[in-house]
Amino acid sequence: MTHVLHRSIAHRYPVAVSGRGIFIRDADGKDYIDASGGAAVSCLGHSHPDVLAAMRAQLDTLEYAHTSFFTTRAAEELAEDLVAHAPAGLDHVFYVSGGSEAIEAALKLARQYFVERGEPQRRYLVARRQSYHGITAGALAIGGREWQRRDFAPLLIETHHVSPVYAYREQLTEETPEAYAERLARELEAKVDELGAKNVIAFVAEPVVGATMGAVPAVPGYFKAVRRVCDRHGILLILDEVMCGMGRTGTLHACEQEGISPDLMAIAKGLGGGFAPIGALMLSGKIFETLAQGSGAFQHSHTYTGHPLACAAALAVQRTIRRDDLLANVRRQGAHLERRLRERFGNHPFVGDVRGRGLFQGLELVADRGTKEPFDPARKINSRVKHEAMARGLMVYPMGGTADGQRGDHVLLAPPFIIDEAAIDTIVDRLGDAVDAAVAG
Ligand SMILES: Cc1ncc(COP(=O)(O)O)c(C=O)c1O
């Protein structure tokens, strides 16, 4: 009997009692390889001694100070660190406790920016189908995961959606990646024209789509074309790097590989690596200056904004990643993971696509490789893969709705940055067995 309202009421969850490196151990003594970092969170694995030491030191001096009274060294140092390594133009940080909060803050700050600039008519937000931006009302509204939005539709703010970048299903055979990118940018521009460019606040996108599609990167040129559309119409570009950011794709920020900078960028997950709940919104100098010269305050705050323990943990995570040159390991082991996935699943009858960047890789499962027909959702293939993987001591992050928001299944892998080749080989072997068992059942 449990009094916790768990994610799935009927499911009996194993009790996690300890973690070390890439492993989590349950109360029965069974070890699981954390090949998804939970949900792309645990970038340093579990119980990293240097992060724990930094957190203990923070607790020994100050556990909490409300931000309406004080700033703290931990908050200031982390912001300095983040800005020193930020995409060009982002020079301030607003702290929150997770990804959804970072997105809520982005939407409100974008709106406040235009109000303060004397453009209060700007009220439309444009995002993409099959995207996930969080579970709170604003974040859910801009998200494009249809099955999750449906029941709450009457409570959600008005948002508009355009196509995701989805080369596997939607790039035409005669189309180059560049032409596909241009077609998608034209679709965005047509949407902006339809809404009236002067009424649009922002376009929101994940540089590499995570939870809803399974590590789908953009095609070359897409984000440059999107940036041009936004600039042409004075619209803000909000990048959601909550899952794909903070080193996951092999560069600190995923947008570095696209050669663009956003106006606002949401980060979380790998920022604190699971050691403490923390997220952040990074903002450009032009947005900061507009508020500084205007009302003088962002109309938004939380009790735990800039929590010193969370900031100290995040700072230690980021310093450890740099000290140990872990982004080089993400690139090296990411290439090994991709190679091994292609060897194991490249000709698998029920795997249509292997994709991703760095230690952020996905498999799309299909009932028929030739026609790309998804499995019947009633078969719950994605939950079966999760179940079969857990039975084999492996944590992966499968999800449904990949193909169109309702149908389709994928498996997302996002192992800790400390992973090595031998562990990757074990992950791929166990995942292969889990997928085979799931589709056979
Ligand atoms: C891209 C993206 N944005 C936002 C969120 C929401 O983050 P959180 O669950 O920390 O609220 C997630 C969570 O998976 C995410 O993947």
# chains A, B, ... in the order shown; residues from 1 in each chain; ligands from 1

call {"tool": "select_by_dssp", "arguments": {"residues": "stretch 166-368 of chain A", "states": "helix (DSSP H, G or I)", "output": "PyMOL selection string"}}
result
chain A and resi 167-170+177-195+197-199+222-233+254-258+269-271+285-293+308-323+326-345

call {"tool": "write_last_selection", "arguments": {"atoms": "C-alpha atoms", "output": "short mmCIF file (atom, residue, chain, number, x, y, z; two decimals), in the first residue's frame"}}
result
data_model
loop_
_atom_site.label_atom_id
_atom_site.label_comp_id
_atom_site.auth_asym_id
_atom_site.auth_seq_id
_atom_site.Cartn_x
_atom_site.Cartn_y
_atom_site.Cartn_z
CA ALA A 167 13.48 14.00 -41.99
CA TYR A 168 12.66 10.30 -41.51
CA ARG A 169 8.96 10.76 -42.29
CA GLU A 170 8.50 14.19 -43.81
CA PRO A 177 18.03 18.58 -46.58
CA GLU A 178 18.59 22.25 -47.43
CA ALA A 179 15.43 22.42 -49.56
CA TYR A 180 13.50 20.69 -46.77
CA ALA A 181 14.82 23.27 -44.29
CA GLU A 182 13.70 26.09 -46.59
CA ARG A 183 10.26 24.53 -47.01
CA LEU A 184 9.83 24.39 -43.22
CA ALA A 185 11.02 27.99 -42.84
CA ARG A 186 8.47 29.06 -45.48
CA GLU A 187 5.76 27.25 -43.50
CA LEU A 188 6.77 29.19 -40.39
CA GLU A 189 6.75 32.45 -42.32
CA ALA A 190 3.31 31.67 -43.76
CA LYS A 191 2.02 31.06 -40.23
CA VAL A 192 3.50 34.37 -39.07
CA ASP A 193 1.89 36.16 -42.05
CA GLU A 194 -1.46 34.52 -41.29
CA LEU A 195 -1.34 35.72 -37.66
CA ALA A 197 3.74 39.49 -37.92
CA LYS A 198 3.20 42.44 -35.59
CA ASN A 199 1.00 40.22 -33.38
CA TYR A 222 16.92 24.92 -40.63
CA PHE A 223 17.74 26.99 -37.55
CA LYS A 224 19.59 29.63 -39.60
CA ALA A 225 16.48 29.95 -41.79
CA VAL A 226 14.24 30.12 -38.70
CA ARG A 227 16.49 32.78 -37.17
CA ARG A 228 16.13 34.85 -40.38
CA VAL A 229 12.32 34.57 -40.30
CA CYS A 230 12.25 35.70 -36.66
CA ASP A 231 14.62 38.59 -37.34
CA ARG A 232 12.70 39.74 -40.39
CA HIS A 233 9.57 40.15 -38.29
CA ALA A 254 22.89 22.26 -28.86
CA CYS A 255 22.38 25.52 -30.79
CA GLU A 256 26.16 25.93 -31.13
CA GLN A 257 26.01 23.21 -33.79
CA GLU A 258 23.34 25.19 -35.65
CA LYS A 269 18.05 18.69 -16.42
CA GLY A 270 21.83 18.44 -17.10
CA LEU A 271 22.37 21.86 -15.51
CA GLY A 285 21.16 41.80 -23.47
CA LYS A 286 18.43 43.50 -25.50
CA ILE A 287 15.70 41.92 -23.38
CA PHE A 288 17.55 42.66 -20.15
CA GLU A 289 18.13 46.30 -21.17
CA THR A 290 14.49 46.79 -22.14
CA LEU A 291 13.39 45.80 -18.64
CA ALA A 292 16.25 47.66 -16.98
CA GLN A 293 15.31 50.89 -18.81
CA PRO A 308 21.75 28.28 -2.97
CA LEU A 309 21.99 24.51 -2.59
CA ALA A 310 20.73 23.98 -6.15
CA CYS A 311 23.08 26.68 -7.50
CA ALA A 312 26.07 25.17 -5.66
CA ALA A 313 25.22 21.72 -7.04
CA ALA A 314 24.86 23.03 -10.60
CA LEU A 315 28.11 24.97 -10.38
CA ALA A 316 29.94 21.84 -9.20
CA VAL A 317 28.37 19.80 -12.01
CA GLN A 318 29.44 22.31 -14.65
CA ARG A 319 32.97 22.68 -13.24
CA THR A 320 33.40 18.91 -13.10
CA ILE A 321 32.31 18.53 -16.73
CA ARG A 322 34.93 21.09 -17.77
CA ARG A 323 37.71 19.85 -15.49
CA LEU A 326 33.64 15.31 -20.41
CA LEU A 327 32.23 16.94 -23.53
CA ALA A 328 35.07 15.26 -25.46
CA ASN A 329 33.87 11.98 -23.94
CA VAL A 330 30.29 12.78 -24.97
CA ARG A 331 31.46 13.17 -28.57
CA ARG A 332 33.70 10.07 -28.48
CA GLN A 333 31.25 7.77 -26.72
CA GLY A 334 28.34 9.27 -28.65
CA ALA A 335 30.00 8.17 -31.88
CA HIS A 336 30.56 4.69 -30.41
CA LEU A 337 26.94 4.47 -29.21
CA GLU A 338 25.62 5.51 -32.61
CA ARG A 339 27.87 2.98 -34.37
CA ARG A 340 26.81 0.16 -32.06
CA LEU A 341 23.11 1.07 -32.42
CA ARG A 342 23.44 1.04 -36.21
CA GLU A 343 25.17 -2.36 -36.11
CA ARG A 344 22.50 -3.87 -33.86
CA PHE A 345 19.39 -2.16 -35.25
#

call {"tool": "residues_around", "arguments": {"residues": "A:Leu156", "least_positions_apart": "3", "cutoff": "8 Å", "atoms": "only C-alpha atoms", "output": "list in words"}}
result
Ala137, Gly138, Leu140, Ala141, Phe152 and Ala153 of chain A

call {"tool": "write_last_selection", "arguments": {"atoms": "all heavy atoms", "output": "compact mmCIF listing (two decimals), in the first residue's frame"}}
result
# COMPACT_ATOMS: atom_id res chain seq x y z
N ALA A 137 0.69 24.80 -17.31
CA ALA A 137 -0.32 25.18 -18.31
C ALA A 137 0.28 25.89 -19.53
O ALA A 137 -0.07 25.55 -20.67
CB ALA A 137 -1.38 26.05 -17.65
N GLY A 138 1.17 26.84 -19.33
CA GLY A 138 1.75 27.55 -20.48
C GLY A 138 2.63 26.64 -21.31
O GLY A 138 2.58 26.65 -22.55
N LEU A 140 2.51 23.39 -21.49
CA LEU A 140 1.67 22.38 -22.15
C LEU A 140 1.01 22.99 -23.39
O LEU A 140 0.88 22.34 -24.43
CB LEU A 140 0.62 21.87 -21.17
CG LEU A 140 -0.19 20.66 -21.60
CD1 LEU A 140 0.69 19.44 -21.82
CD2 LEU A 140 -1.26 20.34 -20.54
N ALA A 141 0.61 24.25 -23.28
CA ALA A 141 -0.07 24.92 -24.39
C ALA A 141 0.84 25.03 -25.61
O ALA A 141 0.40 24.80 -26.74
CB ALA A 141 -0.55 26.31 -23.97
N PHE A 152 -6.90 18.94 -21.52
CA PHE A 152 -6.75 20.24 -20.86
C PHE A 152 -6.96 21.41 -21.81
O PHE A 152 -6.83 22.57 -21.40
CB PHE A 152 -5.36 20.31 -20.20
CG PHE A 152 -5.16 19.21 -19.20
CD1 PHE A 152 -4.52 18.04 -19.54
CD2 PHE A 152 -5.71 19.33 -17.92
CE1 PHE A 152 -4.38 17.01 -18.63
CE2 PHE A 152 -5.59 18.29 -17.01
CZ PHE A 152 -4.92 17.13 -17.36
N ALA A 153 -7.30 21.09 -23.06
CA ALA A 153 -7.40 22.12 -24.10
C ALA A 153 -8.20 23.35 -23.66
O ALA A 153 -7.78 24.48 -23.91
CB ALA A 153 -7.96 21.52 -25.37

call {"tool": "residues_near_ligand", "arguments": {"ligand": "ligand 1", "cutoff": "8 Å", "atoms": "only C-alpha atoms and all ligand atoms", "output": "list in words"}}
result
Ala39, Ala40, Ser97, Gly98, Gly99, Ser100, Glu101, Ala102, Ile103, Ser131, Tyr132, His133, Gly134, Ile135, Thr136, Ala139, Glu206, Val209, Gly210, Ala211, Asp240, Glu241, Val242, Met243, Cys244, Ala266, Ala268, Lys269 and Gly279 of chain A

call {"tool": "select_by_dssp", "arguments": {"residues": "stretch 44-167 of chain A", "states": "strand (DSSP E)", "output": "list in words"}}
result
Leu90, Asp91, His92, Val93, Phe94, Tyr95, Val96, Tyr124, Leu125, Val126, Ala127, Arg128, His160, His161 and Val162 of chain A

call {"tool": "write_last_selection", "arguments": {"atoms": "all heavy atoms", "output": "CSV table (one decimal), in the first residue's frame"}}
result
chain,number,residue,atom,x,y,z
A,90,LEU,N,23.6,36.2,-24.9
A,90,LEU,CA,22.9,35.8,-23.7
A,90,LEU,C,23.7,36.2,-22.5
A,90,LEU,O,24.8,35.7,-22.3
A,90,LEU,CB,22.5,34.4,-23.7
A,90,LEU,CG,21.7,33.8,-24.8
A,90,LEU,CD1,21.3,32.4,-24.5
A,90,LEU,CD2,20.5,34.6,-25.1
A,91,ASP,N,23.3,37.2,-21.7
A,91,ASP,CA,24.1,37.7,-20.7
A,91,ASP,C,23.5,37.8,-19.3
A,91,ASP,O,24.1,38.4,-18.4
A,91,ASP,CB,24.8,39.0,-21.1
A,91,ASP,CG,23.8,40.1,-21.4
A,91,ASP,OD1,22.6,39.9,-21.0
A,91,ASP,OD2,24.2,41.2,-21.9
A,92,HIS,N,22.3,37.3,-19.2
A,92,HIS,CA,21.7,37.2,-17.8
A,92,HIS,C,21.0,35.9,-17.6
A,92,HIS,O,20.6,35.3,-18.6
A,92,HIS,CB,20.8,38.4,-17.6
A,92,HIS,CG,21.5,39.7,-17.2
A,92,HIS,ND1,22.1,40.4,-18.2
A,92,HIS,CD2,21.8,40.2,-16.0
A,92,HIS,CE1,22.7,41.5,-17.6
A,92,HIS,NE2,22.6,41.4,-16.3
A,93,VAL,N,20.8,35.6,-16.3
A,93,VAL,CA,20.2,34.3,-16.0
A,93,VAL,C,19.1,34.5,-15.0
A,93,VAL,O,19.2,35.2,-14.0
A,93,VAL,CB,21.3,33.4,-15.3
A,93,VAL,CG1,20.7,32.1,-14.9
A,93,VAL,CG2,22.5,33.2,-16.2
A,94,PHE,N,17.9,33.9,-15.2
A,94,PHE,CA,16.8,33.9,-14.3
A,94,PHE,C,16.7,32.4,-13.8
A,94,PHE,O,16.5,31.5,-14.6
A,94,PHE,CB,15.5,34.4,-14.9
A,94,PHE,CG,14.3,34.4,-14.0
A,94,PHE,CD1,14.1,35.4,-13.1
A,94,PHE,CD2,13.4,33.3,-14.1
A,94,PHE,CE1,13.0,35.4,-12.3
A,94,PHE,CE2,12.3,33.3,-13.2
A,94,PHE,CZ,12.1,34.4,-12.3
A,95,TYR,N,16.7,32.2,-12.5
A,95,TYR,CA,16.7,30.8,-12.0
A,95,TYR,C,15.3,30.3,-11.7
A,95,TYR,O,14.5,31.1,-11.2
A,95,TYR,CB,17.5,30.8,-10.6
A,95,TYR,CG,19.0,30.9,-10.8
A,95,TYR,CD1,19.7,32.0,-10.2
A,95,TYR,CD2,19.7,30.1,-11.6
A,95,TYR,CE1,21.0,32.2,-10.3
A,95,TYR,CE2,21.1,30.2,-11.8
A,95,TYR,CZ,21.7,31.3,-11.1
A,95,TYR,OH,23.1,31.4,-11.3
A,96,VAL,N,15.1,29.1,-11.9
A,96,VAL,CA,13.9,28.4,-11.6
A,96,VAL,C,14.3,27.0,-11.1
A,96,VAL,O,15.4,26.7,-10.8
A,96,VAL,CB,13.0,28.3,-12.8
A,96,VAL,CG1,12.4,29.6,-13.2
A,96,VAL,CG2,13.7,27.6,-14.0
A,124,TYR,N,0.7,36.2,-29.9
A,124,TYR,CA,0.7,34.9,-30.4
A,124,TYR,C,2.0,34.2,-30.2
A,124,TYR,O,3.1,34.8,-30.4
A,124,TYR,CB,0.3,34.8,-31.8
A,124,TYR,CG,-1.1,35.3,-32.1
A,124,TYR,CD1,-1.3,36.3,-33.1
A,124,TYR,CD2,-2.2,34.7,-31.5
A,124,TYR,CE1,-2.6,36.7,-33.3
A,124,TYR,CE2,-3.5,35.1,-31.8
A,124,TYR,CZ,-3.7,36.1,-32.7
A,124,TYR,OH,-4.9,36.5,-32.9
A,125,LEU,N,1.9,32.9,-29.8
A,125,LEU,CA,3.1,32.1,-29.7
A,125,LEU,C,3.0,31.0,-30.7
A,125,LEU,O,2.0,30.4,-30.9
A,125,LEU,CB,3.2,31.4,-28.3
A,125,LEU,CG,3.3,32.5,-27.1
A,125,LEU,CD1,2.8,31.9,-25.8
A,125,LEU,CD2,4.8,32.9,-27.0
A,126,VAL,N,4.1,30.7,-31.4
A,126,VAL,CA,4.2,29.7,-32.4
A,126,VAL,C,5.2,28.6,-32.0
A,126,VAL,O,6.3,29.0,-31.5
A,126,VAL,CB,4.5,30.2,-33.8
A,126,VAL,CG1,4.5,29.1,-34.8
A,126,VAL,CG2,3.6,31.4,-34.2
A,127,ALA,N,4.8,27.4,-32.0
A,127,ALA,CA,5.7,26.3,-31.7
A,127,ALA,C,5.5,25.2,-32.7
A,127,ALA,O,4.9,25.4,-33.8
A,127,ALA,CB,5.5,25.8,-30.2
A,128,ARG,N,6.0,24.0,-32.4
A,128,ARG,CA,5.9,22.9,-33.4
A,128,ARG,C,5.1,21.7,-32.8
A,128,ARG,O,5.1,21.4,-31.6
A,128,ARG,CB,7.3,22.5,-33.7
A,128,ARG,CG,8.2,23.6,-34.2
A,128,ARG,CD,9.5,23.2,-34.8
A,128,ARG,NE,10.3,22.5,-33.8
A,128,ARG,CZ,11.6,22.1,-34.0
A,128,ARG,NH1,12.1,22.3,-35.2
A,128,ARG,NH2,12.3,21.5,-33.1
A,160,HIS,N,-0.1,28.3,-31.6
A,160,HIS,CA,-0.1,27.9,-33.0
A,160,HIS,C,1.0,27.0,-33.3
A,160,HIS,O,2.1,27.2,-32.8
A,160,HIS,CB,-0.1,29.1,-33.9
A,160,HIS,CG,-1.3,30.0,-33.7
A,160,HIS,ND1,-2.5,29.8,-34.3
A,160,HIS,CD2,-1.6,30.9,-32.7
A,160,HIS,CE1,-3.4,30.7,-33.8
A,160,HIS,NE2,-2.9,31.4,-32.9
A,161,HIS,N,0.8,26.0,-34.1
A,161,HIS,CA,1.8,25.0,-34.3
A,161,HIS,C,2.2,24.8,-35.8
A,161,HIS,O,1.3,24.9,-36.7
A,161,HIS,CB,1.4,23.7,-33.7
A,161,HIS,CG,1.4,23.7,-32.2
A,161,HIS,ND1,0.3,24.1,-31.5
A,161,HIS,CD2,2.3,23.4,-31.3
A,161,HIS,CE1,0.6,24.1,-30.2
A,161,HIS,NE2,1.8,23.7,-30.1
A,162,VAL,N,3.4,24.6,-36.1
A,162,VAL,CA,3.9,24.3,-37.4
A,162,VAL,C,4.6,22.9,-37.4
A,162,VAL,O,4.7,22.3,-36.3
A,162,VAL,CB,4.8,25.4,-38.0
A,162,VAL,CG1,4.1,26.7,-38.2
A,162,VAL,CG2,6.0,25.6,-37.1

call {"tool": "residues_around", "arguments": {"residues": "A:Ala86", "least_positions_apart": "3", "cutoff": "10 Å", "atoms": "only C-alpha atoms", "output": "list in words"}}
result
Glu80, Asp81, Leu82, Val83, Gly89, Leu90, Asp91, His92, Leu252, His253, Glu256, Ser261, Met265, Met282 and Leu283 of chain A

call {"tool": "write_last_selection", "arguments": {"atoms": "N, CA and C atoms", "output": "short mmCIF file (atom, residue, chain, number, x, y, z; two decimals), in the first residue's frame"}}
result
data_model
loop_
_atom_site.label_atom_id
_atom_site.label_comp_id
_atom_site.auth_asym_id
_atom_site.auth_seq_id
_atom_site.Cartn_x
_atom_site.Cartn_y
_atom_site.Cartn_z
N GLU A 80 27.66 33.74 -13.43
CA GLU A 80 28.90 34.14 -14.11
C GLU A 80 29.42 33.01 -15.00
N ASP A 81 29.40 31.83 -14.45
CA ASP A 81 29.86 30.65 -15.17
C ASP A 81 29.01 30.40 -16.42
N LEU A 82 27.68 30.48 -16.24
CA LEU A 82 26.78 30.20 -17.38
C LEU A 82 26.94 31.25 -18.47
N VAL A 83 27.04 32.51 -18.07
CA VAL A 83 27.16 33.58 -19.07
C VAL A 83 28.50 33.49 -19.79
N GLY A 89 25.41 36.76 -27.02
CA GLY A 89 24.31 37.68 -26.75
C GLY A 89 23.52 37.39 -25.48
N LEU A 90 23.64 36.16 -24.94
CA LEU A 90 22.88 35.85 -23.73
C LEU A 90 23.74 36.25 -22.53
N ASP A 91 23.26 37.21 -21.75
CA ASP A 91 24.15 37.71 -20.69
C ASP A 91 23.51 37.81 -19.30
N HIS A 92 22.30 37.29 -19.16
CA HIS A 92 21.71 37.23 -17.81
C HIS A 92 20.98 35.91 -17.62
N LEU A 252 28.33 22.36 -25.38
CA LEU A 252 27.59 22.73 -24.17
C LEU A 252 26.13 23.05 -24.50
N HIS A 253 25.93 23.82 -25.58
CA HIS A 253 24.57 24.12 -26.02
C HIS A 253 24.35 23.51 -27.39
N GLU A 256 24.82 25.63 -30.59
CA GLU A 256 26.16 25.93 -31.13
C GLU A 256 26.36 25.21 -32.45
N SER A 261 22.18 31.92 -32.34
CA SER A 261 21.91 32.21 -30.93
C SER A 261 20.44 32.56 -30.78
N MET A 265 16.76 31.27 -23.82
CA MET A 265 17.08 29.84 -23.86
C MET A 265 16.77 29.21 -22.50
N MET A 282 18.01 31.79 -19.79
CA MET A 282 19.07 32.73 -20.15
C MET A 282 18.48 33.74 -21.13
N LEU A 283 18.82 35.02 -20.93
CA LEU A 283 18.19 36.06 -21.77
C LEU A 283 19.23 36.97 -22.40
#

call {"tool": "closest_atom_pairs", "arguments": {"of": "stretch 115-215 of chain A", "to": "stretch 390-412 of chain A", "cutoff": "9 Å", "atoms": "only C-alpha atoms", "output": "JSON lines"}}
result
{"residue": "A:Arg129", "atom": "CA", "partner": "A:Gly405", "partner_atom": "CA", "distance": 7.4}
{"residue": "A:Gln130", "atom": "CA", "partner": "A:Gly405", "partner_atom": "CA", "distance": 5.5}
{"residue": "A:Ser131", "atom": "CA", "partner": "A:Gly405", "partner_atom": "CA", "distance": 8.8}
{"residue": "A:Gly144", "atom": "CA", "partner": "A:Gly405", "partner_atom": "CA", "distance": 7.2}
{"residue": "A:Arg145", "atom": "CA", "partner": "A:Gly405", "partner_atom": "CA", "distance": 5.3}
{"residue": "A:Glu146", "atom": "CA", "partner": "A:Gly405", "partner_atom": "CA", "distance": 5.1}
{"residue": "A:Trp147", "atom": "CA", "partner": "A:Gln406", "partner_atom": "CA", "distance": 6.1}
{"residue": "A:Gln148", "atom": "CA", "partner": "A:Gly405", "partner_atom": "CA", "distance": 9.0}
{"residue": "A:Arg169", "atom": "CA", "partner": "A:Ala403", "partner_atom": "CA", "distance": 7.8}
{"residue": "A:Gly210", "atom": "CA", "partner": "A:Leu412", "partner_atom": "CA", "distance": 7.5}
{"residue": "A:Ala211", "atom": "CA", "partner": "A:Met399", "partner_atom": "CA", "distance": 7.0}
{"residue": "A:Thr212", "atom": "CA", "partner": "A:Thr402", "partner_atom": "CA", "distance": 5.9}
{"residue": "A:Met213", "atom": "CA", "partner": "A:Thr402", "partner_atom": "CA", "distance": 4.8}
{"residue": "A:Gly214", "atom": "CA", "partner": "A:Leu412", "partner_atom": "CA", "distance": 5.0}
{"residue": "A:Ala215", "atom": "CA", "partner": "A:Leu412", "partner_atom": "CA", "distance": 6.7}

call {"tool": "atom_distance", "arguments": {"atom1": "atom CA of A:Gly45", "atom2": "atom CA of A:Tyr32"}}
result
12.0 Å

call {"tool": "atom_distance", "arguments": {"atom1": "atom CA of A:Arg248", "atom2": "atom CA of A:Ala106"}}
result
21.4 Å

call {"tool": "closest_residue", "arguments": {"among": "A:Gly29, A:Pro87, A:Pro217, A:Gly370", "to": "A:Arg355", "atoms": "only C-alpha atoms"}}
result
A:Pro217

call {"tool": "residues_around", "arguments": {"residues": "A:Asp263", "least_positions_apart": "5", "cutoff": "7 Å", "atoms": "only C-alpha atoms", "output": "MDAnalysis selection string"}}
result
chainID A and resid 236:238 283:284

call {"tool": "write_last_selection", "arguments": {"atoms": "N, CA, C and O atoms", "output": "PDB file, in the first residue's frame"}}
result
ATOM      1  N   LEU A 236      10.786  36.996 -31.300  1.00  0.00           N
ATOM      2  CA  LEU A 236      11.830  36.392 -30.469  1.00  0.00           C
ATOM      3  C   LEU A 236      11.946  34.889 -30.770  1.00  0.00           C
ATOM      4  O   LEU A 236      10.930  34.216 -31.012  1.00  0.00           O
ATOM      5  N   LEU A 237      13.167  34.398 -30.724  1.00  0.00           N
ATOM      6  CA  LEU A 237      13.408  32.957 -30.865  1.00  0.00           C
ATOM      7  C   LEU A 237      13.723  32.400 -29.473  1.00  0.00           C
ATOM      8  O   LEU A 237      14.711  32.794 -28.849  1.00  0.00           O
ATOM      9  N   ILE A 238      12.846  31.508 -29.014  1.00  0.00           N
ATOM     10  CA  ILE A 238      13.052  30.849 -27.715  1.00  0.00           C
ATOM     11  C   ILE A 238      13.504  29.419 -27.993  1.00  0.00           C
ATOM     12  O   ILE A 238      12.773  28.650 -28.618  1.00  0.00           O
ATOM     13  N   LEU A 283      18.818  35.021 -20.934  1.00  0.00           N
ATOM     14  CA  LEU A 283      18.195  36.056 -21.769  1.00  0.00           C
ATOM     15  C   LEU A 283      19.234  36.966 -22.397  1.00  0.00           C
ATOM     16  O   LEU A 283      20.337  37.133 -21.873  1.00  0.00           O
ATOM     17  N   SER A 284      18.839  37.531 -23.523  1.00  0.00           N
ATOM     18  CA  SER A 284      19.769  38.376 -24.278  1.00  0.00           C
ATOM     19  C   SER A 284      19.850  39.763 -23.646  1.00  0.00           C
ATOM     20  O   SER A 284      18.937  40.209 -22.941  1.00  0.00           O
TER      21      SER A 284
END

call {"tool": "decode", "arguments": {"residues": "stretch 167-178 of chain A", "atoms": "N, CA, C and O atoms", "output": "short mmCIF file (atom, residue, chain, number, x, y, z; two decimals), in the first residue's frame"}}
result
data_model
loop_
_atom_site.label_atom_id
_atom_site.label_comp_id
_atom_site.auth_asym_id
_atom_site.auth_seq_id
_atom_site.Cartn_x
_atom_site.Cartn_y
_atom_site.Cartn_z
N ALA A 167 12.97 14.47 -40.69
CA ALA A 167 13.48 14.00 -41.99
C ALA A 167 13.01 12.58 -42.29
O ALA A 167 12.65 12.27 -43.43
N TYR A 168 13.00 11.71 -41.29
CA TYR A 168 12.66 10.30 -41.51
C TYR A 168 11.28 10.14 -42.18
O TYR A 168 11.11 9.32 -43.08
N ARG A 169 10.30 10.92 -41.74
CA ARG A 169 8.96 10.76 -42.29
C ARG A 169 8.55 11.86 -43.26
O ARG A 169 7.70 11.64 -44.12
N GLU A 170 9.11 13.07 -43.10
CA GLU A 170 8.50 14.19 -43.81
C GLU A 170 9.39 14.86 -44.85
O GLU A 170 8.91 15.72 -45.59
N GLN A 171 10.66 14.49 -44.91
CA GLN A 171 11.49 15.04 -46.00
C GLN A 171 11.16 14.25 -47.27
O GLN A 171 11.15 13.01 -47.26
N LEU A 172 10.86 14.95 -48.37
CA LEU A 172 10.44 14.27 -49.59
C LEU A 172 11.66 13.60 -50.25
O LEU A 172 12.78 14.08 -50.10
N THR A 173 11.41 12.51 -50.98
CA THR A 173 12.55 11.77 -51.54
C THR A 173 13.38 12.62 -52.50
O THR A 173 14.59 12.51 -52.52
N GLU A 174 12.71 13.50 -53.24
CA GLU A 174 13.47 14.30 -54.22
C GLU A 174 14.04 15.57 -53.58
O GLU A 174 14.71 16.36 -54.26
N GLU A 175 13.86 15.75 -52.28
CA GLU A 175 14.22 17.00 -51.62
C GLU A 175 15.58 16.88 -50.92
O GLU A 175 15.81 15.91 -50.20
N THR A 176 16.47 17.88 -51.09
CA THR A 176 17.72 17.89 -50.32
C THR A 176 17.39 18.36 -48.90
O THR A 176 16.35 19.00 -48.69
N PRO A 177 18.29 18.07 -47.94
CA PRO A 177 18.03 18.58 -46.58
C PRO A 177 17.87 20.10 -46.57
O PRO A 177 17.02 20.64 -45.86
N GLU A 178 18.66 20.79 -47.40
CA GLU A 178 18.59 22.25 -47.43
C GLU A 178 17.23 22.72 -47.95
O GLU A 178 16.64 23.67 -47.43
#
